[in-house]
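Novice: Have a peek at target.cif (mmCIF, C-alpha atoms).
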data_protein
#
loop_
_atom_site.label_atom_id
_atom_site.label_comp_id
_atom_site.auth_asym_id
_atom_site.auth_seq_id
_atom_site.Cartn_x
_atom_site.Cartn_y
_atom_site.Cartn_z
CA MET A 27 0.25 -11.86 -3.79
CA GLN A 28 -0.15 -10.11 -7.12
CA ILE A 29 -0.01 -6.41 -7.94
CA GLY A 30 -0.87 -5.19 -11.40
CA ALA A 31 -2.98 -3.26 -13.84
CA ALA A 32 -4.89 -6.26 -15.21
CA ARG A 33 -8.62 -6.45 -14.48
CA ILE A 34 -9.44 -8.77 -11.55
CA ASP A 35 -11.43 -11.86 -12.48
CA PRO A 36 -12.89 -13.20 -9.19
CA ASP A 37 -14.28 -16.38 -10.77
CA ALA A 38 -10.92 -17.40 -12.17
CA LEU A 39 -9.16 -16.57 -8.90
CA ARG A 40 -11.75 -18.55 -6.94
CA ARG A 41 -11.14 -21.63 -9.07
CA GLU A 42 -7.46 -21.50 -8.11
CA LEU A 43 -8.41 -22.07 -4.47
CA PHE A 44 -10.39 -25.28 -5.04
CA ASP A 45 -9.18 -28.04 -2.78
CA HIS A 46 -10.90 -31.32 -1.93
CA ALA A 47 -9.96 -30.87 1.72
CA ALA A 48 -11.73 -27.49 1.82
CA GLY A 49 -15.17 -27.18 3.35
CA ALA A 50 -15.15 -23.40 3.28
CA TYR A 51 -14.20 -20.59 0.94
CA VAL A 52 -14.39 -16.90 1.85
CA SER A 53 -13.50 -14.01 -0.40
CA PHE A 54 -13.48 -10.24 -0.19
CA GLU A 55 -13.77 -7.79 -3.06
CA GLY A 56 -13.04 -4.10 -2.59
CA TRP A 57 -15.00 -2.04 -5.13
CA ILE A 58 -14.71 1.53 -6.31
CA ARG A 59 -17.62 3.47 -4.82
CA ASN A 60 -19.03 6.81 -5.86
CA ARG A 61 -18.69 8.71 -2.59
CA ASN A 62 -15.99 9.25 0.02
CA GLU A 63 -15.82 11.72 2.91
CA GLY A 64 -18.60 13.82 1.44
CA HIS A 65 -17.14 13.99 -2.06
CA ASP A 66 -18.67 12.58 -5.24
CA VAL A 67 -16.02 10.31 -6.71
CA LEU A 68 -15.63 9.81 -10.44
CA ARG A 69 -12.75 7.33 -10.53
CA LEU A 70 -9.71 6.21 -8.56
CA GLU A 71 -6.07 6.01 -9.46
CA TYR A 72 -3.90 3.46 -7.66
CA GLU A 73 -0.14 3.61 -7.40
CA ALA A 74 1.99 0.91 -5.80
CA TYR A 75 5.63 0.20 -5.26
CA ASP A 76 5.29 -3.31 -6.62
CA LEU A 77 8.48 -4.84 -5.31
CA ILE A 78 7.78 -4.15 -1.64
CA ALA A 79 3.99 -4.44 -2.01
CA VAL A 80 4.38 -8.02 -3.22
CA LYS A 81 6.93 -8.84 -0.54
CA GLU A 82 4.81 -7.34 2.24
CA GLY A 83 1.65 -8.99 0.87
CA GLU A 84 3.39 -12.39 0.88
CA LYS A 85 4.35 -11.74 4.49
CA VAL A 86 0.72 -10.97 5.41
CA ILE A 87 -0.47 -14.16 3.72
CA ALA A 88 2.23 -16.19 5.49
CA GLU A 89 1.11 -14.71 8.81
CA ALA A 90 -2.50 -15.64 8.05
CA ARG A 91 -1.40 -19.19 7.26
CA GLU A 92 0.42 -19.36 10.58
CA LYS A 93 -2.52 -18.02 12.59
CA TYR A 94 -5.30 -19.96 10.89
CA ALA A 95 -5.52 -23.46 9.44
CA LEU A 96 -5.76 -22.50 5.77
CA LEU A 97 -5.52 -24.63 2.69
CA GLN A 98 -5.14 -21.86 0.12
CA ALA A 99 -4.83 -18.09 0.30
CA HIS A 100 -4.34 -15.45 -2.34
CA CYS A 101 -4.60 -11.69 -2.76
CA VAL A 102 -4.59 -9.41 -5.81
CA HIS A 103 -4.39 -5.62 -5.81
CA ARG A 104 -4.87 -3.48 -8.89
CA THR A 105 -2.96 -0.42 -9.96
CA GLY A 106 -3.77 2.30 -12.47
CA LEU A 107 -7.00 4.08 -13.27
CA LEU A 108 -10.17 2.33 -12.01
CA GLU A 109 -13.76 3.24 -12.76
CA LEU A 110 -16.77 3.06 -10.41
CA GLY A 111 -17.81 -0.51 -9.65
CA GLU A 112 -14.47 -2.05 -10.56
CA CYS A 113 -12.76 -4.44 -8.19
CA ALA A 114 -9.61 -2.88 -6.73
CA VAL A 115 -8.59 -5.64 -4.36
CA TRP A 116 -9.46 -9.31 -4.01
CA VAL A 117 -8.73 -11.71 -1.17
CA GLY A 118 -9.67 -15.38 -1.19
CA VAL A 119 -8.99 -18.18 1.27
CA SER A 120 -10.09 -21.78 1.59
CA SER A 121 -9.98 -23.96 4.69
CA ALA A 122 -11.55 -27.05 6.19
CA HIS A 123 -14.00 -25.01 8.28
CA ARG A 124 -15.62 -21.59 7.92
CA ASP A 125 -14.33 -19.93 11.11
CA GLU A 126 -10.73 -19.97 9.96
CA ALA A 127 -11.71 -18.83 6.48
CA PHE A 128 -13.69 -15.82 7.72
CA GLN A 129 -11.01 -14.76 10.17
CA ALA A 130 -8.12 -15.24 7.78
CA CYS A 131 -9.83 -13.30 4.99
CA ARG A 132 -10.49 -10.44 7.40
CA TYR A 133 -6.92 -10.53 8.66
CA ILE A 134 -5.45 -10.39 5.18
CA ILE A 135 -7.55 -7.48 3.88
CA ASP A 136 -7.07 -5.46 7.08
CA GLN A 137 -3.28 -5.87 6.99
CA VAL A 138 -3.03 -5.30 3.25
CA LYS A 139 -4.80 -1.97 3.60
CA VAL A 140 -2.43 -0.61 6.22
CA ARG A 141 0.91 -2.22 5.34
CA LEU A 142 1.35 -2.35 1.58
CA PRO A 143 2.91 0.63 -0.19
CA VAL A 144 -0.22 1.36 -2.20
CA TRP A 145 -1.76 4.80 -2.63
CA LYS A 146 -5.01 5.94 -4.14
CA LYS A 147 -5.91 9.26 -5.62
CA GLU A 148 -9.57 10.10 -5.85
CA HIS A 149 -10.77 12.04 -8.85
CA TYR A 150 -13.94 13.92 -7.97
CA VAL A 151 -16.94 14.87 -10.06
CA ASP A 152 -16.15 18.57 -9.44
CA GLY A 153 -12.76 18.20 -11.17
CA HIS A 154 -10.57 18.16 -8.06
CA SER A 155 -8.48 15.22 -6.93
CA GLY A 156 -6.75 14.14 -3.75
CA TRP A 157 -4.59 11.41 -2.28
CA VAL A 158 -6.62 9.44 0.25
CA ASN A 159 -5.34 9.61 3.87
CA CYS A 160 -2.65 12.18 3.08
CA GLU A 161 -4.62 15.38 3.10
CA ARG A 162 -6.68 14.07 5.97
CA CYS A 163 -3.79 13.23 8.25
CA ALA A 164 -2.04 16.48 7.37
CA ALA A 165 -5.17 18.41 8.28
CA HIS A 166 -5.55 16.56 11.57
CA GLY A 167 -1.85 16.76 12.41
CA MET B 23 30.41 12.86 7.51
CA SER B 24 28.28 13.67 4.52
CA LYS B 25 26.72 10.72 2.72
CA SER B 26 25.47 10.35 -0.81
CA ILE B 27 21.85 9.15 -0.63
CA THR B 28 19.42 8.38 -3.41
CA VAL B 29 15.90 9.38 -2.38
CA ARG B 30 12.78 8.12 -4.13
CA TYR B 31 9.40 9.78 -3.68
CA PHE B 32 5.98 8.19 -4.15
CA ALA B 33 2.42 9.45 -4.66
CA LEU B 34 1.86 12.71 -2.74
CA PHE B 35 5.56 13.06 -1.91
CA ARG B 36 6.48 12.81 -5.60
CA GLU B 37 3.94 15.50 -6.44
CA ASN B 38 5.13 17.75 -3.62
CA ALA B 39 8.79 17.32 -4.57
CA GLY B 40 8.07 17.61 -8.28
CA ILE B 41 10.46 14.71 -8.94
CA GLY B 42 10.43 10.94 -8.48
CA GLU B 43 14.03 10.59 -7.46
CA GLU B 44 17.06 12.65 -6.52
CA GLN B 45 20.56 12.14 -5.30
CA ILE B 46 21.53 14.24 -2.32
CA ASP B 47 24.42 14.74 0.05
CA SER B 48 23.18 14.62 3.59
CA ASP B 49 24.51 14.62 7.14
CA ALA B 50 21.34 12.88 8.37
CA LEU B 51 22.20 10.02 10.71
CA THR B 52 18.86 8.24 10.51
CA ALA B 53 15.97 7.86 8.06
CA GLY B 54 13.90 10.07 10.37
CA ASP B 55 16.53 12.85 10.25
CA LEU B 56 16.54 12.65 6.46
CA PHE B 57 12.74 12.85 6.37
CA ALA B 58 12.81 16.04 8.48
CA GLU B 59 15.52 17.56 6.30
CA LEU B 60 13.58 16.84 3.10
CA GLN B 61 10.27 18.01 4.57
CA ASP B 62 11.80 21.43 5.07
CA ARG B 63 13.08 21.46 1.50
CA HIS B 64 9.91 20.22 -0.17
CA GLY B 65 7.38 21.88 2.10
CA SER B 66 5.58 18.65 3.00
CA SER B 67 3.67 18.53 6.27
CA GLU B 68 2.78 14.86 6.69
CA PRO B 69 3.45 13.67 10.26
CA LEU B 70 6.29 11.16 10.35
CA GLY B 71 4.16 8.65 12.27
CA HIS B 72 1.77 8.24 9.35
CA CYS B 73 4.50 7.64 6.79
CA LYS B 74 6.75 4.67 6.10
CA VAL B 75 10.29 4.24 4.91
CA ALA B 76 12.24 1.56 3.09
CA ILE B 77 16.01 1.41 2.71
CA ASN B 78 17.49 -0.50 -0.22
CA ASP B 79 14.09 -2.11 -0.94
CA GLU B 80 13.53 -3.36 2.63
CA MET B 81 10.99 -1.81 4.99
CA ALA B 82 12.84 0.00 7.78
CA ASP B 83 12.29 2.01 10.97
CA TRP B 84 12.71 5.77 11.09
CA GLY B 85 15.52 5.18 13.57
CA ALA B 86 17.51 3.11 11.06
CA ALA B 87 21.05 4.42 10.46
CA LEU B 88 21.89 5.64 6.96
CA LYS B 89 25.10 4.87 5.19
CA ASP B 90 26.77 6.22 2.10
CA GLY B 91 25.16 4.91 -1.08
CA ASP B 92 21.79 3.96 0.47
CA THR B 93 18.59 4.31 -1.52
CA VAL B 94 15.81 5.63 0.72
CA LEU B 95 12.19 5.21 -0.36
CA LEU B 96 9.77 7.65 1.25
CA PHE B 97 6.17 6.42 1.43
CA PRO B 98 3.35 8.83 2.31
CA PRO B 99 0.38 7.42 4.28
CA VAL B 100 -0.74 4.27 2.47
CA ALA B 101 -4.31 3.69 1.32
CA GLY B 102 -4.75 0.31 -0.26
CA GLY B 103 -8.04 -1.47 -0.89
#
Can I see the file as structure tokens?

Specialist:
Amino acid sequence: MQIGAARIDPDALRRELFDHAAGAYVSFEGWIRNRNEGHDVLRLEYEAYDLIAVKEGEKVIAEAREKYALLQAHCVHRTGLLELGECAVWVGVSSAHRDEAFQACRYIIDQVKVRLPVWKKEHYVDGHSGWVNCERCAAHG
Amino acid sequence: MSKSITVRYFALFRENAGIGEEQIDSDALTAGDLFAELQDRHGSSEPLGHCKVAINDEMADWGAALKDGDTVLLFPPVAGG
């Protein structure tokens, strides 16, 4: 698990997962999109508490390795200011067969999104900004 | 007995509190009690159930007991990915 401001290079990360025993490789890239909850988004700002985010991410990957027969697994999450189209999060897994790879990749990204201390602030075209999930859950009580 | 607790705020909580960290004296017995006490002070309205807490750099439950000298990290609702 890696957390940091450096741009994500999916090709380089993919090469790290090569394994002659692997018959399958599945990856997920989370991109910055231009619209969320009816707002036009200009860019996103990610904040993380690295120390626990890495620890918790390692735990998620270890759980995936326990549940599915994986050969390699890795996840990277960016922090800082990201522009539209940039990759904010990357997950990659390799395994002997595709079923495990698909399921493990899904497991890792789903857990990473809800467990890691990572926050994103959306900056909108109209000049406003807001922390994702916070305002919403406050409004809905 | 009053305890000396270091509290660290992140993202929305830091913006609401206007500071990233503070040292407080508190009678709160648990992390959840401390959260309620600080919510009153900083006017935050996030439901406890959507937030997370870590004590001394380990994820913890809201029911975890606090002791003198603890550092409590308050995490607003996370939104990775």

Novice: Can I get the residues of chain B within 8 Å of chain A, each with the closest pair of atoms and their distance in Å to one decimal, using all atoms listed in the file, sorted chain first then ascending number, as a Markdown table?

Specialist:
| residue | atom | partner | partner_atom | distance |
| --- | --- | --- | --- | --- |
| B:Ala33 | CA | A:Trp145 | CA | 6.6 |
| B:Leu34 | CA | A:Trp157 | CA | 6.6 |
| B:Ser67 | CA | A:Ala164 | CA | 6.2 |
| B:Glu68 | CA | A:Ala164 | CA | 5.1 |
| B:Pro69 | CA | A:Gly167 | CA | 6.5 |
| B:His72 | CA | A:Cys163 | CA | 7.6 |
| B:Asp79 | CA | A:Ile78 | CA | 6.7 |
| B:Glu80 | CA | A:Ile78 | CA | 7.2 |
| B:Met81 | CA | A:Ile78 | CA | 7.7 |
| B:Phe97 | CA | A:Pro143 | CA | 6.8 |
| B:Pro98 | CA | A:Cys160 | CA | 6.9 |
| B:Pro99 | CA | A:Cys160 | CA | 5.8 |
| B:Val100 | CA | A:Trp145 | CA | 5.2 |
| B:Ala101 | CA | A:Trp145 | CA | 4.8 |
| B:Gly102 | CA | A:Lys139 | CA | 4.5 |
| B:Gly103 | CA | A:Val115 | CA | 5.5 |

Novice: Enumerate, as a PyMOL selection string, the residues matched when the PyMOL selection byres ((chain B and resi 45) around 10) is run on the file above.

Specialist: chain B and resi 26-30+43-44+46-48+91+93

Novice: Deliver the residues from the most recent selection as a file, using C-alpha atoms, as a PDB file, in the frame of the given file.

Specialist:
ATOM      1  CA  SER B  26      25.470  10.350  -0.810  1.00  0.00           C
ATOM      2  CA  ILE B  27      21.850   9.150  -0.630  1.00  0.00           C
ATOM      3  CA  THR B  28      19.420   8.380  -3.410  1.00  0.00           C
ATOM      4  CA  VAL B  29      15.900   9.380  -2.380  1.00  0.00           C
ATOM      5  CA  ARG B  30      12.780   8.120  -4.130  1.00  0.00           C
ATOM      6  CA  GLU B  43      14.030  10.590  -7.460  1.00  0.00           C
ATOM      7  CA  GLU B  44      17.060  12.650  -6.520  1.00  0.00           C
ATOM      8  CA  ILE B  46      21.530  14.240  -2.320  1.00  0.00           C
ATOM      9  CA  ASP B  47      24.420  14.740   0.050  1.00  0.00           C
ATOM     10  CA  SER B  48      23.180  14.620   3.590  1.00  0.00           C
ATOM     11  CA  GLY B  91      25.160   4.910  -1.080  1.00  0.00           C
ATOM     12  CA  THR B  93      18.590   4.310  -1.520  1.00  0.00           C
TER      13      THR B  93
END

Novice: Between atom CA of A:Lys85 and atom CA of A:Phe128, what is the spacing in Å?

Specialist: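 Pair atom CA of A:Phe128 / atom CA of A:Lys85 returns 18.8 Å.
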
Novice: Starting from the PyMOL selection byres ((chain A and resi 117) around 6), expand the selection into actual residues of this file and give them as a ChimeraX atom specification.

Specialist: /A:53-54,100-101,116,118

Novice: Could you jot down the atom CA of A:Val52 to atom CA of A:Arg124 separation for me, Å, one decimal place?

Specialist: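 For atom CA of A:Val52 relative to atom CA of A:Arg124, the distance reads 7.8 Å.
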
Novice: Please report the interatomic distance between atom CA of B:Val75 and atom CA of A:Gly30 in Å with one decimal.

Specialist: 21.9 Å

Novice: Determine the residue set returned by the PyMOL selection byres ((chain B and resi 84) around 7) for the present structure, and present it as JSON, numbers by chain.

Specialist: {"B": [52, 53, 54, 75, 82, 83, 85, 86]}

Novice: Which one is closest to A:Ala31: A:Gly49, A:Asp66, A:Cys131, A:Asp76? Count all atoms listed in the file.

Specialist: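 The closest residue to A:Ala31 is A:Asp76.
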
Novice: Kindly indicate which residue among A:Glu89, A:Ser120, A:Ala95, A:Phe44 lies nearest to A:Ile134, using only C-alpha atoms for the distances.

Specialist: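 Checking each of A:Glu89, A:Ser120, A:Ala95, A:Phe44 against A:Ile134, counting only C-alpha atoms, the winner is A:Glu89.
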